[in-house]
$ cat upload_38.txt   # compact mmCIF, C-alpha atoms
# COMPACT_ATOMS: atom_id res chain seq x y z
CA MET W 1 34.47 3.19 -9.20
CA LYS W 2 31.77 1.05 -10.69
CA LEU W 3 28.07 1.34 -11.43
CA LYS W 4 26.08 -0.57 -8.81
CA LYS W 5 25.23 -4.06 -9.98
CA ASN W 6 21.48 -3.66 -9.72
CA ILE W 7 21.30 -0.43 -11.75
CA ALA W 8 19.58 -0.98 -15.08
CA THR W 9 20.67 1.08 -18.09
CA SER W 10 19.54 1.15 -21.69
CA GLU W 11 21.34 2.05 -24.91
CA ALA W 12 18.99 5.02 -25.20
CA GLY W 13 20.49 6.45 -22.00
CA LEU W 14 17.82 5.57 -19.46
CA ILE W 15 18.92 4.65 -15.95
CA PHE W 16 16.67 2.87 -13.44
CA ASN W 17 17.55 2.27 -9.80
CA PRO W 18 15.37 -0.68 -8.70
CA GLY W 19 16.18 -0.05 -5.04
CA THR W 20 14.64 3.42 -4.98
CA GLY W 21 12.46 3.54 -8.10
CA ASP W 22 14.40 6.57 -9.38
CA SER W 23 14.76 7.01 -13.13
CA PHE W 24 17.21 9.27 -14.97
CA SER W 25 18.13 9.94 -18.56
CA VAL W 26 21.49 10.84 -20.03
CA ASN W 27 22.64 11.81 -23.54
CA ASN W 28 24.50 9.53 -25.95
CA ILE W 29 27.92 10.16 -24.46
CA GLY W 30 26.51 9.70 -20.94
CA ALA W 31 25.14 6.33 -22.07
CA GLU W 32 28.55 5.42 -23.51
CA ILE W 33 30.26 6.29 -20.22
CA LEU W 34 27.70 4.27 -18.26
CA ALA W 35 28.30 1.27 -20.48
CA MET W 36 32.02 1.57 -19.76
CA LEU W 37 31.41 2.04 -16.02
CA LYS W 38 29.57 -1.28 -16.04
CA GLN W 39 32.83 -2.88 -17.18
CA THR W 40 34.69 -1.43 -14.17
CA ASN W 41 36.78 0.87 -16.33
CA SER W 42 38.70 3.48 -14.41
CA PRO W 43 37.92 7.14 -15.17
CA GLN W 44 41.35 7.47 -16.76
CA GLU W 45 40.62 4.62 -19.16
CA ILE W 46 37.26 6.14 -20.01
CA ILE W 47 38.82 9.56 -20.59
CA GLY W 48 41.46 7.95 -22.78
CA HIS W 49 38.81 6.17 -24.82
CA LEU W 50 36.66 9.28 -25.25
CA SER W 51 39.55 11.59 -26.14
CA SER W 52 40.68 9.21 -28.87
CA LYS W 53 37.16 9.02 -30.24
CA TYR W 54 35.98 12.65 -29.97
CA ASP W 55 37.54 15.98 -30.80
CA VAL W 56 37.75 17.42 -27.30
CA GLU W 57 40.41 18.99 -25.12
CA LYS W 58 41.63 16.65 -22.41
CA ASN W 59 41.21 19.26 -19.64
CA GLN W 60 37.60 19.85 -20.60
CA LEU W 61 36.94 16.15 -20.80
CA GLU W 62 38.44 15.53 -17.35
CA LYS W 63 36.35 18.32 -15.86
CA ASP W 64 33.15 17.00 -17.48
CA MET W 65 33.96 13.48 -16.39
CA ASP W 66 34.44 14.66 -12.78
CA ASP W 67 31.07 16.44 -12.89
CA PHE W 68 29.32 13.40 -14.31
CA VAL W 69 30.83 11.00 -11.78
CA SER W 70 29.97 13.34 -8.94
CA GLN W 71 26.34 13.42 -10.11
CA LEU W 72 26.25 9.62 -10.30
CA ASN W 73 27.58 9.59 -6.73
CA ASP W 74 24.99 12.12 -5.56
CA TYR W 75 22.23 9.91 -6.95
CA ASN W 76 23.71 6.91 -5.21
CA LEU W 77 24.32 4.97 -8.41
CA LEU W 78 27.96 4.02 -7.83
CA ASP W 79 29.48 1.42 -5.55
CA LYS W 80 31.35 3.22 -2.78
CA MET M 1 -5.21 -34.96 -25.48
CA LYS M 2 -6.79 -31.73 -24.31
CA SER M 3 -6.35 -30.89 -20.72
CA GLN M 4 -9.64 -30.76 -18.87
CA LEU M 5 -8.66 -28.59 -15.95
CA LYS M 6 -11.75 -27.44 -14.15
CA LYS M 7 -11.69 -24.06 -12.49
CA GLN M 8 -12.92 -23.84 -8.96
CA LYS M 9 -16.31 -22.09 -8.83
CA ILE M 10 -16.48 -19.69 -5.93
CA VAL M 11 -18.60 -16.81 -4.75
CA ILE M 12 -16.59 -13.94 -3.28
CA ALA M 13 -18.07 -10.96 -1.47
CA VAL M 14 -15.98 -7.78 -1.50
CA THR M 15 -16.43 -4.36 0.11
CA ALA M 16 -14.96 -0.94 -0.76
CA LEU M 17 -16.35 -0.49 -4.27
CA ASN M 18 -15.72 3.26 -4.00
CA ALA M 19 -13.33 3.68 -6.91
CA ILE M 20 -13.32 7.45 -6.41
CA ASP M 21 -10.51 10.04 -6.19
CA SER M 22 -9.29 8.51 -2.95
CA PRO M 23 -10.32 4.97 -3.75
CA GLY M 24 -11.12 2.00 -1.58
CA PRO M 25 -9.26 -1.20 -2.48
CA GLY M 26 -12.33 -3.25 -3.53
CA MET M 27 -12.16 -2.87 -7.30
CA ALA M 28 -8.42 -3.59 -7.36
CA VAL M 29 -8.96 -6.68 -5.20
CA ILE M 30 -11.66 -7.95 -7.59
CA ARG M 31 -9.54 -7.22 -10.66
CA ALA M 32 -6.68 -9.26 -9.23
CA ILE M 33 -8.94 -12.17 -8.24
CA ARG M 34 -10.59 -12.23 -11.66
CA GLU M 35 -7.17 -12.54 -13.28
CA CYS M 36 -6.34 -15.72 -11.37
CA ASN M 37 -6.79 -18.70 -13.65
CA ASP M 38 -7.59 -21.07 -10.79
CA PHE M 39 -11.01 -19.61 -10.09
CA ASP M 40 -14.32 -19.16 -11.82
CA VAL M 41 -15.73 -16.41 -9.65
CA ARG M 42 -19.03 -14.73 -9.02
CA ILE M 43 -18.36 -11.39 -7.33
CA ILE M 44 -20.82 -10.01 -4.83
CA GLY M 45 -20.28 -6.35 -4.05
CA LEU M 46 -21.09 -5.09 -0.58
CA ALA M 47 -21.69 -1.32 -0.64
CA TYR M 48 -22.49 1.38 1.88
CA GLU M 49 -23.33 4.24 -0.47
CA SER M 50 -25.53 4.25 -3.59
CA LEU M 51 -22.88 6.10 -5.59
CA GLU M 52 -19.98 3.71 -5.13
CA PRO M 53 -18.91 3.29 -8.79
CA GLY M 54 -18.27 -0.46 -8.50
CA ILE M 55 -22.01 -1.07 -7.98
CA TYR M 56 -22.59 -0.10 -11.61
CA MET M 57 -19.59 -1.88 -13.15
CA HIS M 58 -21.46 -5.04 -14.08
CA ASP M 59 -18.54 -6.65 -15.92
CA ILE M 60 -16.56 -6.58 -12.70
CA VAL M 61 -19.18 -6.92 -9.97
CA ASP M 62 -21.95 -9.43 -10.68
CA LYS M 63 -24.41 -8.27 -8.04
CA THR M 64 -24.27 -5.69 -5.26
CA TYR M 65 -26.06 -5.50 -1.93
CA GLN M 66 -26.04 -2.56 0.42
CA ILE M 67 -24.90 -3.29 3.95
CA PRO M 68 -25.43 -1.24 7.13
CA TYR M 69 -22.82 1.32 8.20
CA PRO M 70 -20.31 0.09 10.78
CA SER M 71 -21.96 2.31 13.41
CA ALA M 72 -25.09 0.10 13.19
CA GLY M 73 -23.11 -2.63 14.97
CA THR M 74 -22.45 -6.32 14.48
CA ASP M 75 -26.03 -7.59 14.87
CA ALA M 76 -27.26 -5.50 11.96
CA LEU M 77 -24.23 -6.51 9.87
CA TYR M 78 -24.68 -10.20 10.63
CA ALA M 79 -28.41 -10.08 9.83
CA ARG M 80 -27.71 -8.47 6.47
CA ILE M 81 -24.93 -10.91 5.57
CA LEU M 82 -27.23 -13.79 6.57
CA TYR M 83 -29.88 -12.50 4.16
CA ILE M 84 -27.33 -12.10 1.34
CA ASN M 85 -25.80 -15.49 2.03
CA ASN M 86 -29.19 -17.22 1.78
CA ILE M 87 -29.37 -15.99 -1.80
CA GLU M 88 -25.73 -16.05 -2.89
CA LYS M 89 -24.03 -18.81 -0.83
CA ILE M 90 -20.85 -16.82 -0.24
CA ASP M 91 -17.60 -18.81 -0.06
CA VAL M 92 -15.17 -16.02 0.82
CA LEU M 93 -15.73 -12.52 2.18
CA ILE M 94 -13.03 -9.85 1.89
CA PRO M 95 -13.65 -6.63 3.84
CA ASN M 96 -11.40 -3.76 2.72
CA PHE M 97 -12.27 -0.73 4.87
CA ASP M 98 -10.46 0.09 8.13
CA ALA M 99 -13.69 1.27 9.75
CA GLU M 100 -15.62 -1.95 9.06
CA LEU M 101 -12.90 -4.43 10.02
CA PHE M 102 -13.62 -4.38 13.73
CA ASN M 103 -17.19 -5.61 13.13
CA PHE M 104 -16.17 -8.24 10.60
CA ILE M 105 -13.48 -9.56 12.96
CA ARG M 106 -16.06 -9.81 15.73
CA ILE M 107 -18.52 -11.88 13.64
CA ARG M 108 -15.83 -13.96 11.93
CA GLU M 109 -16.73 -17.14 13.77
CA GLU M 110 -20.44 -16.77 13.05
CA LEU M 111 -19.62 -16.21 9.39
CA GLY M 112 -17.52 -19.37 9.44
CA LYS M 113 -20.51 -21.34 10.72
CA LEU M 114 -22.44 -20.13 7.65
CA GLY M 115 -19.66 -21.46 5.42
CA ILE M 116 -18.31 -17.96 4.72
CA HIS M 117 -14.51 -17.99 4.88
CA THR M 118 -12.51 -14.94 5.87
CA PHE M 119 -8.80 -14.38 6.38
CA LEU M 120 -8.57 -11.57 8.88
CA PRO M 121 -6.18 -10.53 11.64
CA THR M 122 -7.18 -11.33 15.20
CA GLN M 123 -8.68 -8.60 17.32
CA GLU M 124 -5.40 -8.38 19.30
CA GLU M 125 -3.34 -7.89 16.12
CA PHE M 126 -5.88 -5.41 14.82
CA GLU M 127 -5.74 -3.32 18.00
CA ALA M 128 -1.97 -3.59 18.51
CA ARG M 129 -1.24 -1.80 15.24
CA ASP M 130 -3.79 0.92 15.95
CA LYS M 131 -2.31 4.43 15.68
CA ILE M 132 -2.77 4.91 19.40
CA ASN M 133 -0.71 1.81 20.23
CA LEU M 134 1.78 1.98 17.37
CA PHE M 135 4.87 3.30 19.18
CA ARG M 136 4.46 0.85 22.10
CA PHE M 137 3.90 -1.92 19.57
CA GLY M 138 7.12 -1.04 17.72
CA LYS M 139 9.10 -0.89 20.93
CA LYS M 140 7.86 -4.32 21.96
CA HIS M 141 8.86 -5.92 18.66
CA ASP M 142 12.04 -3.92 18.02
CA LEU M 143 10.53 -2.20 14.98
CA LEU M 144 11.43 1.40 14.17
CA MET M 145 8.40 3.61 14.64
CA PRO M 146 8.16 7.36 15.24
CA ASP M 147 7.80 8.40 18.87
CA ASP M 148 4.45 9.86 19.83
CA LYS M 149 2.36 11.29 22.62
CA ILE M 150 -1.33 10.53 22.97
CA ILE M 151 -3.15 13.61 24.20
CA PHE M 152 -6.66 14.35 25.43
CA ARG M 153 -6.24 18.03 26.33
CA ILE M 154 -4.95 20.98 24.35
CA SER M 155 -2.71 21.97 27.24
CA GLU M 156 -0.65 18.83 26.58
CA ILE M 157 0.54 20.18 23.21
CA SER M 158 3.33 22.31 24.70
CA ASP M 159 4.80 19.27 26.49
CA ALA M 160 4.75 17.32 23.25
CA ALA M 161 6.30 20.26 21.39
CA GLU M 162 9.11 20.40 23.94
CA LYS M 163 9.70 16.69 23.48
CA PHE M 164 9.65 16.57 19.67
CA GLY M 165 10.40 20.16 18.57
CA PHE M 166 9.01 21.47 15.28
CA PRO M 167 7.82 20.39 12.85
CA LEU M 168 5.65 17.75 14.46
CA VAL M 169 2.65 15.84 13.19
CA VAL M 170 -0.83 16.06 14.69
CA LYS M 171 -2.90 13.01 13.76
CA GLY M 172 -6.57 12.14 14.05
CA LYS M 173 -7.64 8.99 15.87
CA PHE M 174 -8.72 7.30 12.64
CA TYR M 175 -7.60 9.42 9.67
CA ASP M 176 -5.87 12.69 8.73
CA ALA M 177 -2.54 14.15 9.72
CA VAL M 178 -1.33 17.75 9.80
CA VAL M 179 2.32 18.81 9.83
CA CYS M 180 2.63 21.76 12.23
CA ASN M 181 5.44 24.29 12.69
CA SER M 182 4.20 26.12 15.78
CA VAL M 183 2.08 25.63 18.90
CA ASP M 184 -0.63 27.79 17.26
CA GLN M 185 -0.80 25.50 14.23
CA ALA M 186 -0.81 22.42 16.44
CA GLU M 187 -3.69 23.79 18.52
CA LYS M 188 -5.73 24.54 15.39
CA ALA M 189 -5.06 21.02 14.11
CA PHE M 190 -6.01 19.56 17.49
CA PHE M 191 -9.44 21.24 17.44
CA LYS M 192 -10.07 20.26 13.82
CA LEU M 193 -9.12 16.60 14.33
CA GLN M 194 -10.89 16.35 17.67
CA ALA M 195 -14.11 17.64 16.07
CA LYS M 196 -13.81 15.23 13.16
CA TRP M 197 -12.58 12.03 14.76
CA GLY M 198 -12.91 12.51 18.51
CA LEU M 199 -10.27 12.00 21.20
CA PRO M 200 -7.50 11.19 21.71
CA VAL M 201 -5.36 13.09 19.24
CA ILE M 202 -1.86 11.82 18.47
CA ILE M 203 1.21 14.06 18.40
CA GLN M 204 3.93 12.33 16.44
CA GLU M 205 7.61 12.94 15.85
CA PHE M 206 8.22 14.25 12.30
CA ILE M 207 10.41 11.94 10.24
CA THR M 208 11.82 13.11 6.91
CA GLY M 209 12.72 10.73 4.14
CA THR M 210 11.38 8.87 1.15
CA GLU M 211 7.91 7.46 1.48
CA VAL M 212 7.57 3.81 0.52
CA ASN M 213 4.56 1.56 0.98
CA ILE M 214 4.61 -2.20 1.30
CA ALA M 215 1.73 -4.53 0.53
CA ALA M 216 2.13 -7.75 2.49
CA LEU M 217 0.19 -10.95 3.03
CA GLY M 218 0.77 -12.99 6.18
CA ASP M 219 -0.34 -16.59 6.71
CA GLY M 220 -1.21 -16.13 10.39
CA LYS M 221 1.69 -18.32 11.49
CA GLY M 222 4.44 -15.74 11.21
CA ASN M 223 5.27 -16.34 7.56
CA ALA M 224 4.98 -13.81 4.78
CA VAL M 225 3.37 -15.20 1.63
CA SER M 226 4.11 -12.04 -0.31
CA ILE M 227 5.83 -8.69 0.18
CA ILE M 228 5.81 -6.00 -2.50
CA PRO M 229 7.43 -2.60 -1.83
CA MET M 230 6.13 0.33 -3.86
CA ARG M 231 7.46 3.86 -4.04
CA LYS M 232 4.92 6.57 -4.72
CA LEU M 233 5.78 8.52 -7.87
CA TYR M 234 2.87 10.93 -7.78
CA ILE M 235 0.86 11.89 -4.74
CA THR M 236 -2.58 13.53 -4.60
CA GLU M 237 -3.50 16.38 -2.28
CA LYS M 238 -4.74 13.76 0.18
CA GLY M 239 -1.37 12.03 0.10
CA LYS M 240 -2.66 9.04 -1.88
CA ALA M 241 -0.53 7.45 -4.56
CA TRP M 242 -1.71 8.31 -8.05
CA SER M 243 1.25 6.52 -9.53
CA GLY M 244 3.82 4.19 -8.06
CA ILE M 245 6.58 1.76 -8.95
CA THR M 246 7.66 -1.59 -7.52
CA ILE M 247 11.13 -1.42 -6.03
CA ASP M 248 13.58 -3.97 -4.71
CA ASP M 249 15.14 -3.03 -1.40
CA GLN M 250 16.08 -5.86 0.92
CA LEU M 251 16.02 -3.58 3.97
CA LEU M 252 12.34 -2.83 3.34
CA ILE M 253 11.52 -6.47 2.68
CA ASP M 254 13.32 -7.48 5.89
CA GLN M 255 11.35 -4.89 7.87
CA ALA M 256 8.06 -6.31 6.52
CA LEU M 257 9.22 -9.88 7.26
CA LYS M 258 10.04 -8.82 10.81
CA PHE M 259 6.61 -7.24 11.22
CA ILE M 260 4.75 -10.31 9.91
CA LYS M 261 6.85 -12.62 12.08
CA ALA M 262 6.38 -10.52 15.22
CA THR M 263 2.63 -10.18 14.81
CA LYS M 264 1.87 -13.50 13.12
CA TRP M 265 -0.21 -11.29 10.87
CA ARG M 266 -3.15 -13.04 9.23
CA GLY M 267 -4.34 -11.49 5.98
CA GLY M 268 -3.37 -8.50 3.90
CA CYS M 269 -1.87 -5.31 5.23
CA GLU M 270 -0.07 -2.19 4.11
CA LEU M 271 2.98 -0.81 5.87
CA GLU M 272 3.64 2.89 5.33
CA ILE M 273 7.39 3.40 5.65
CA MET M 274 9.54 6.50 5.77
CA MET M 275 13.08 5.65 4.73
CA THR M 276 15.45 8.24 6.17
CA SER M 277 18.56 9.42 4.33
CA ASP M 278 20.68 7.24 6.63
CA ARG M 279 18.49 4.26 5.62
CA LYS M 280 16.38 3.79 8.72
CA PRO M 281 13.00 2.34 7.74
CA TYR M 282 10.44 3.89 10.12
CA ILE M 283 6.99 2.28 10.06
CA MET M 284 4.66 5.29 10.08
CA GLU M 285 1.42 3.40 9.94
CA VAL M 286 0.06 -0.13 9.55
CA ASN M 287 -3.18 -0.43 7.59
CA PRO M 288 -4.88 -3.71 8.45
CA ARG M 289 -6.14 -4.47 4.93
CA PHE M 290 -4.99 -4.40 1.31
CA PRO M 291 -4.14 -0.96 -0.11
CA ALA M 292 -5.99 0.56 -3.08
CA TRP M 293 -2.92 -0.11 -5.27
CA ILE M 294 -3.05 -3.86 -4.55
CA TYR M 295 -3.52 -4.76 -8.23
CA LEU M 296 0.16 -3.81 -8.71
CA THR M 297 1.08 -6.94 -6.73
CA ALA M 298 -0.71 -9.09 -9.32
CA ALA M 299 0.91 -7.12 -12.15
CA ALA M 300 4.32 -7.71 -10.54
CA GLY M 301 3.73 -11.47 -10.33
CA GLN M 302 2.52 -11.90 -6.74
CA ASN M 303 -1.28 -11.88 -6.85
CA GLN M 304 -1.94 -11.17 -3.16
CA PRO M 305 -5.78 -11.04 -3.34
CA ALA M 306 -5.91 -14.42 -5.15
CA ALA M 307 -3.47 -15.88 -2.61
CA LEU M 308 -5.66 -14.58 0.22
CA VAL M 309 -8.71 -16.31 -1.29
CA LYS M 310 -6.78 -19.59 -1.34
CA LEU M 311 -5.62 -19.12 2.25
CA ALA M 312 -9.19 -18.32 3.32
CA LEU M 313 -10.36 -21.56 1.69
CA GLY M 314 -7.74 -23.46 3.68
CA GLN M 315 -5.48 -24.18 0.72
CA LYS M 316 -1.72 -24.22 1.08
CA VAL M 317 0.00 -21.28 -0.54
CA ALA M 318 3.76 -21.27 -0.96
CA ALA M 319 5.56 -17.98 -0.35
CA PHE M 320 6.23 -16.11 -3.58
CA LYS M 321 9.92 -15.95 -4.43
CA LYS M 322 10.30 -13.09 -6.89
CA PHE M 323 8.48 -10.15 -8.38
CA ALA M 324 8.91 -7.78 -11.30
CA VAL M 325 10.80 -4.65 -10.26
CA GLY M 326 10.01 -1.43 -12.11
CA LYS M 327 6.29 -2.14 -12.70
CA VAL M 328 4.47 1.16 -12.66
CA PHE M 329 0.81 1.88 -12.01
CA ILE M 330 -0.88 5.08 -13.05
CA ARG M 331 -4.37 5.57 -11.70
CA TYR M 332 -6.96 7.19 -13.94
CA SER M 333 -10.47 8.58 -13.66
CA TRP M 334 -13.37 7.62 -15.88
CA ASP M 335 -16.88 9.03 -16.04
CA LEU M 336 -19.17 6.02 -15.84
CA ILE M 337 -22.61 6.69 -17.33
CA ILE M 338 -25.63 4.95 -15.82
CA ASP M 339 -29.38 5.27 -16.10
CA ILE M 340 -31.21 6.79 -13.15
CA SER M 341 -33.28 3.59 -12.89
CA GLU M 342 -30.18 1.73 -11.70
CA PHE M 343 -29.56 4.32 -9.03
CA HIS M 344 -33.21 4.06 -7.95
CA LYS M 345 -32.95 0.30 -7.75
CA ILE M 346 -29.92 0.19 -5.46
CA SER M 347 -31.21 3.12 -3.38
CA GLY M 348 -34.72 1.69 -3.05
CA SER M 349 -34.21 -2.05 -2.74
CA GLY M 350 -30.58 -2.12 -1.55
CA GLU M 351 -29.68 -4.54 -4.37
CA LEU M 352 -28.51 -4.24 -7.95
$ encode --input "upload_38.txt" --output "structure tokens"
Amino acid sequence: MKLKKNIATSEAGLIFNPGTGDSFSVNNIGAEILAMLKQTNSPQEIIGHLSSKYDVEKNQLEKDMDDFVSQLNDYNLLDK
Amino acid sequence: MKSQLKKQKIVIAVTALNAIDSPGPGMAVIRAIRECNDFDVRIIGLAYESLEPGIYMHDIVDKTYQIPYPSAGTDALYARILYINNIEKIDVLIPNFDAELFNFIRIREELGKLGIHTFLPTQEEFEARDKINLFRFGKKHDLLMPDDKIIFRISEISDAAEKFGFPLVVKGKFYDAVVCNSVDQAEKAFFKLQAKWGLPVIIQEFITGTEVNIAALGDGKGNAVSIIPMRKLYITEKGKAWSGITIDDQLLIDQALKFIKATKWRGGCELEIMMTSDRKPYIMEVNPRFPAWIYLTAAAGQNQPAALVKLALGQKVAAFKKFAVGKVFIRYSWDLIIDISEFHKISGSGEL
């Protein structure tokens, strides 16, 4: 699972797909996850990183991560 | 030592100064040409109506002449251009309206003898991409285009409906399209379009997807000098782009390359593409001139109007290699204030 190479992201959480012209915005944590997805981190690594950094239950984090990744997939932003 | 580069002085005549809610491309073409550092241009506007805003934009258009409507025919057009040329010594003429192109293509050689350069498609290319011939044209060149049925009688609608199902699109010979969900709606659309544009009427297969437009410039030898895909971000009631963004999709670029190669297209054109969810790029329409959003090509680093001027003058133009992706245009309206005397002048003398 990796963000497509051509997808542009900013620290402020803006996402631009140059192939379709679609733009999206995500919050700070979304931006952090995207930055990690650019480094080809696996979801488990990302969850590990976030749970050590934030006060959140692992179950909740896993569920949120699943939702987020599924949205990225729906918008065709991830390499299949 | 200071460089003493001299800019080439040229006189360019441009039509479609109607920068209105559904604008002609003229003002965008001029804007792009004026931004090219290689030229020192005098712009001659060619207008049909006295209220085309460009006539009164004196910083952009140096002088405007009215020209006869396309229905007046080629003799009247040639006589008027001859008169204008005797005063202005036109180097390049860029027509930008679909409806006038046929006449300009027909007098191209005569214009050339006057020293007026054009860079237009041939009559065969122009007719091949006509709405009425589009599907056959696509089939011949292995380009994806929606299936259609050309009809002359209302009784033919039910056959077409059986073939395509609903929804289907009823299109006028020159302009306008109506999406219809029943035979009743299709019949109403048929009468409306027949009254407005005459026969035949085109019944077209309905394709769903994302609408993308491509501005392209062909050198007439099968090579594309420039291809810029743009996705509409905001569409007016008439389906025109009010805002759009340059995008980078190789499939779209390849489709445009294929079109230019197959037709040996000479000049500017706009391909209207519907990209389906399974990534099939259907060519819905081919407009045989620059689109109204053509300035975006200059903003993205491929100044197509300036390149066309160079091609028209016989200069070699290398194909552009890259463009800025994510450049957005947002069209805006502006109330231009003029004195009635200016309106009287263009209306009375046909010049301003």
$ interface_residues --input "upload_38.txt" --of "chain W" --to "chain M" --cutoff "8 Å" --atoms "only C-alpha atoms" --output "ChimeraX atom specification"
/W:18-21
$ axis_aligned_box --input "upload_38.txt" --around "stretch 5-24 of chain W" --padding-each-side "8 Å" --output "lines of an AutoDock Vina configuration file"
center_x = 18.8
center_y = 2.6
center_z = -15.1
size_x = 28.8
size_y = 29.3
size_z = 36.2
$ atom_distance --input "upload_38.txt" --atom1 "atom CA of M:Ser349" --atom2 "atom CA of M:Val29"
25.8 Å
$ residues_around --input "upload_38.txt" --residues "M:Lys89" --least-positions-apart "5" --cutoff "10 Å" --atoms "only C-alpha atoms" --output "PyMOL selection string"
chain M and resi 10-13+82-84+114-116
$ write_last_selection --input "upload_38.txt" --atoms "C-alpha atoms" --output "PDB file, keeping the file's coordinate frame"
ATOM      1  CA  ILE M  10     -16.480 -19.690  -5.930  1.00  0.00           C
ATOM      2  CA  VAL M  11     -18.600 -16.810  -4.750  1.00  0.00           C
ATOM      3  CA  ILE M  12     -16.590 -13.940  -3.280  1.00  0.00           C
ATOM      4  CA  ALA M  13     -18.070 -10.960  -1.470  1.00  0.00           C
ATOM      5  CA  LEU M  82     -27.230 -13.790   6.570  1.00  0.00           C
ATOM      6  CA  TYR M  83     -29.880 -12.500   4.160  1.00  0.00           C
ATOM      7  CA  ILE M  84     -27.330 -12.100   1.340  1.00  0.00           C
ATOM      8  CA  LEU M 114     -22.440 -20.130   7.650  1.00  0.00           C
ATOM      9  CA  GLY M 115     -19.660 -21.460   5.420  1.00  0.00           C
ATOM     10  CA  ILE M 116     -18.310 -17.960   4.720  1.00  0.00           C
TER      11      ILE M 116
END
$ residues_around --input "upload_38.txt" --residues "W:Pro43" --least-positions-apart "5" --cutoff "10 Å" --atoms "only C-alpha atoms" --output "list of chain:residue names"
W:Met1, W:Lys2, W:Ile33, W:Met36, W:Leu37, W:Gly48, W:His49, W:Glu62, W:Met65, W:Asp66, W:Val69
$ atom_distance --input "upload_38.txt" --atom1 "atom CA of M:Glu351" --atom2 "atom CA of M:His58"
12.7 Å
$ residues_around --input "upload_38.txt" --residues "M:Ser182" --least-positions-apart "3" --cutoff "10 Å" --atoms "all atoms listed in the file" --output "PyMOL selection string"
chain M and resi 158+161+165-168+179+185-187
$ write_last_selection --input "upload_38.txt" --atoms "C-alpha atoms" --output "mmCIF file, in the frame of the given file"
data_model
loop_
_atom_site.group_PDB
_atom_site.id
_atom_site.type_symbol
_atom_site.label_atom_id
_atom_site.label_comp_id
_atom_site.auth_asym_id
_atom_site.auth_seq_id
_atom_site.Cartn_x
_atom_site.Cartn_y
_atom_site.Cartn_z
ATOM 1 C CA SER M 158 3.330 22.310 24.700
ATOM 2 C CA ALA M 161 6.300 20.260 21.390
ATOM 3 C CA GLY M 165 10.400 20.160 18.570
ATOM 4 C CA PHE M 166 9.010 21.470 15.280
ATOM 5 C CA PRO M 167 7.820 20.390 12.850
ATOM 6 C CA LEU M 168 5.650 17.750 14.460
ATOM 7 C CA VAL M 179 2.320 18.810 9.830
ATOM 8 C CA GLN M 185 -0.800 25.500 14.230
ATOM 9 C CA ALA M 186 -0.810 22.420 16.440
ATOM 10 C CA GLU M 187 -3.690 23.790 18.520
#
$ closest_residue --input "upload_38.txt" --among "M:Ile338, M:Val41, M:Ile203, M:Ile228" --to "M:Phe323" --atoms "all atoms listed in the file"
M:Ile228
$ atom_distance --input "upload_38.txt" --atom1 "atom CA of M:Ala262" --atom2 "atom CA of M:Pro146"
18.0 Å
